[in-house]
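**Q** coords.txt is the file, holding compact mmCIF, C-alpha atoms:
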# COMPACT_ATOMS: atom_id res chain seq x y z
CA ASP A 1 98.46 101.08 94.47
CA PHE A 2 98.88 97.35 95.08
CA PHE A 3 96.96 97.54 98.38
CA ALA A 4 94.06 99.76 97.20
CA THR A 5 91.51 96.91 97.26
CA VAL A 6 92.59 95.81 100.74
CA ARG A 7 92.35 99.35 102.08
CA LYS A 8 88.71 99.53 100.95
CA SER A 9 87.79 96.24 102.66
CA LYS A 10 85.63 95.86 105.78
CA SER A 11 88.55 94.19 107.61
CA PHE A 12 90.87 97.10 106.92
CA LEU A 13 88.28 99.67 107.98
CA ALA A 14 87.57 97.69 111.17
CA SER A 15 91.30 97.55 111.98
CA LYS A 16 91.32 101.34 112.30
CA ALA A 17 89.45 100.99 115.61
CA LYS A 18 92.63 99.56 117.19
CA TYR A 19 95.24 101.16 114.93
CA PRO A 20 94.05 104.47 113.41
CA PRO A 21 96.14 104.28 110.20
CA GLY A 22 94.73 100.78 109.61
CA TRP A 23 96.35 97.35 109.43
CA GLY A 24 99.16 97.33 106.90
CA ALA A 25 98.80 101.06 106.17
CA ASN A 26 102.56 101.40 105.87
CA ASP A 27 103.18 98.24 103.86
CA ILE A 28 105.39 98.54 100.80
CA PHE A 29 105.14 96.39 97.71
CA ALA A 30 108.36 96.79 95.75
CA ASP A 31 111.45 95.01 94.51
CA PRO A 32 113.91 95.27 97.43
CA LYS A 33 116.75 95.55 94.88
CA PHE A 34 119.24 93.27 96.56
CA VAL A 35 122.85 93.41 95.37
CA LYS A 36 122.49 89.82 94.09
CA PHE A 37 119.44 87.60 94.51
CA ALA A 38 120.31 83.90 94.44
CA GLU A 39 117.92 81.35 93.00
CA TRP A 40 116.80 78.40 95.15
CA GLY A 41 119.73 76.12 96.02
CA ASN A 42 122.38 78.72 95.18
CA ALA A 43 124.18 80.03 98.26
CA THR A 44 125.89 82.95 96.53
CA GLY A 45 123.25 85.62 97.14
CA ASP A 46 124.12 89.07 98.48
CA TYR A 47 121.08 90.39 100.30
CA ARG A 48 122.39 93.83 101.05
CA LEU A 49 120.43 96.72 99.55
CA ARG A 50 121.38 98.64 96.42
CA LYS A 51 121.35 102.43 96.60
CA ASP A 52 118.08 102.65 94.64
CA SER A 53 116.10 100.30 96.93
CA ALA A 54 112.68 101.37 98.24
CA ALA A 55 113.69 99.73 101.55
CA ILE A 56 116.20 102.47 102.37
CA ASP A 57 114.98 104.71 105.21
CA ALA A 58 111.60 102.88 105.13
CA GLY A 59 111.94 101.02 108.45
CA THR A 60 110.96 101.76 112.02
CA ALA A 61 113.44 102.28 114.83
CA ILE A 62 113.49 99.55 117.45
CA ASP A 63 113.98 100.18 121.15
CA ALA A 64 117.64 100.83 121.99
CA LYS A 65 117.43 98.02 124.58
CA TRP A 66 117.16 95.47 121.75
CA PRO A 67 120.53 94.30 120.43
CA ASP A 68 121.37 95.47 116.93
CA PRO A 69 125.02 95.02 115.95
CA LEU A 70 124.47 97.00 112.73
CA ARG A 71 122.60 99.95 114.29
CA ALA A 72 125.60 102.27 113.93
CA ALA A 73 126.06 101.28 110.27
CA ASP A 74 122.64 102.66 109.35
CA THR A 75 122.47 106.39 108.67
CA GLY A 76 119.18 108.28 108.63
CA LYS A 77 115.97 106.39 109.32
CA PRO A 78 116.33 102.60 109.66
CA ASP A 79 116.38 100.57 106.47
CA LEU A 80 114.04 97.60 106.05
CA GLY A 81 115.73 94.22 106.15
CA ALA A 82 118.58 92.55 107.91
CA PHE A 83 121.41 94.64 106.44
CA PRO A 84 121.40 98.45 106.21
CA LEU A 85 122.73 100.14 103.08
CA GLY A 86 126.53 100.07 103.11
CA ALA A 87 126.86 97.15 105.55
CA GLU A 88 129.55 94.59 104.91
CA PRO A 89 128.35 91.32 103.36
CA LEU A 90 127.60 88.43 105.70
CA LYS A 91 130.56 86.04 106.05
CA VAL A 92 129.67 82.52 107.16
CA GLY A 93 131.70 79.33 107.22
CA PRO A 94 135.38 78.43 107.44
CA ARG A 95 137.94 80.99 106.42
Write out the structure in this file as structure tokens.

**A**
Amino acid sequence: DFFATVRKSKSFLASKAKYPPGWGANDIFADPKFVKFAEWGNATGDYRLRKDSAAIDAGTAIDAKWPDPLRAADTGKPDLGAFPLGAEPLKVGPR
């Protein structure tokens, strides 16, 4: 458990007074498994999630009043990140 040391700390235990699970209790430390991660300076990355990503169904629903143009594209619990599994890739620039 990557966060085991933090969860034993005085700060973490004190955070439970305001948030019973404790600060960062639901944090995930994992490779997001993007379709294609681009190195610095390379604009050809594809930051959608692969089917085996730990980020799938790991998010928290936001209030329906907040705009989310991809809300309908996400099935099940919300995915972590900007693009839910199965979303079309982002298209930016001249066509």

**Q** Can you measure atom CA of Ala30 of chain A to atom CA of Ala4 of chain A for me? One decimal in Å is fine.

**A**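 We find that atom CA of Ala30 of chain A and atom CA of Ala4 of chain A lie 14.7 Å from each other.
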
**Q** Which residue is closest to Gly86 of chain A? Choose from A:Ser15, A:Gly59, A:Thr44, A:Val35 and count all atoms listed in the file.

**A**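 Closest candidate: A:Val35.
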
**Q** Rank A:Lys16, A:Lys36, A:Arg48, A:Lys65 by their smallest atom-to-atom distance to Leu90 of chain A, using all atoms listed in the file, and report the top residue only.

**A**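 The answer is A:Arg48, which sits nearest to Leu90 of chain A.
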
**Q** Could you name the residues that touch Lys77 of chain A at 12 Å or less, counting all atoms listed in the file, but leaving out those on the same chain fewer than 5 positions away, as a PyMOL selection string?

**A** chain A and resi 55-62+71-72+84-85

**Q** Write the residues of the selection above to a file with C-alpha atoms, as a JSON list (two decimals), in the frame of the given file.

**A**
[["chain", "number", "residue", "atom", "x", "y", "z"],
["A", 55, "ALA", "CA", 113.69, 99.73, 101.55],
["A", 56, "ILE", "CA", 116.20, 102.47, 102.37],
["A", 57, "ASP", "CA", 114.98, 104.71, 105.21],
["A", 58, "ALA", "CA", 111.60, 102.88, 105.13],
["A", 59, "GLY", "CA", 111.94, 101.02, 108.45],
["A", 60, "THR", "CA", 110.96, 101.76, 112.02],
["A", 61, "ALA", "CA", 113.44, 102.28, 114.83],
["A", 62, "ILE", "CA", 113.49, 99.55, 117.45],
["A", 71, "ARG", "CA", 122.60, 99.95, 114.29],
["A", 72, "ALA", "CA", 125.60, 102.27, 113.93],
["A", 84, "PRO", "CA", 121.40, 98.45, 106.21],
["A", 85, "LEU", "CA", 122.73, 100.14, 103.08]]

**Q** Could you check which of A:Phe12, A:Phe29, A:Val6, A:Lys51 is closest to Asp79 of chain A, using only C-alpha atoms?

**A**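 Residue with the minimum atom-to-atom distance to Asp79 of chain A: A:Lys51.
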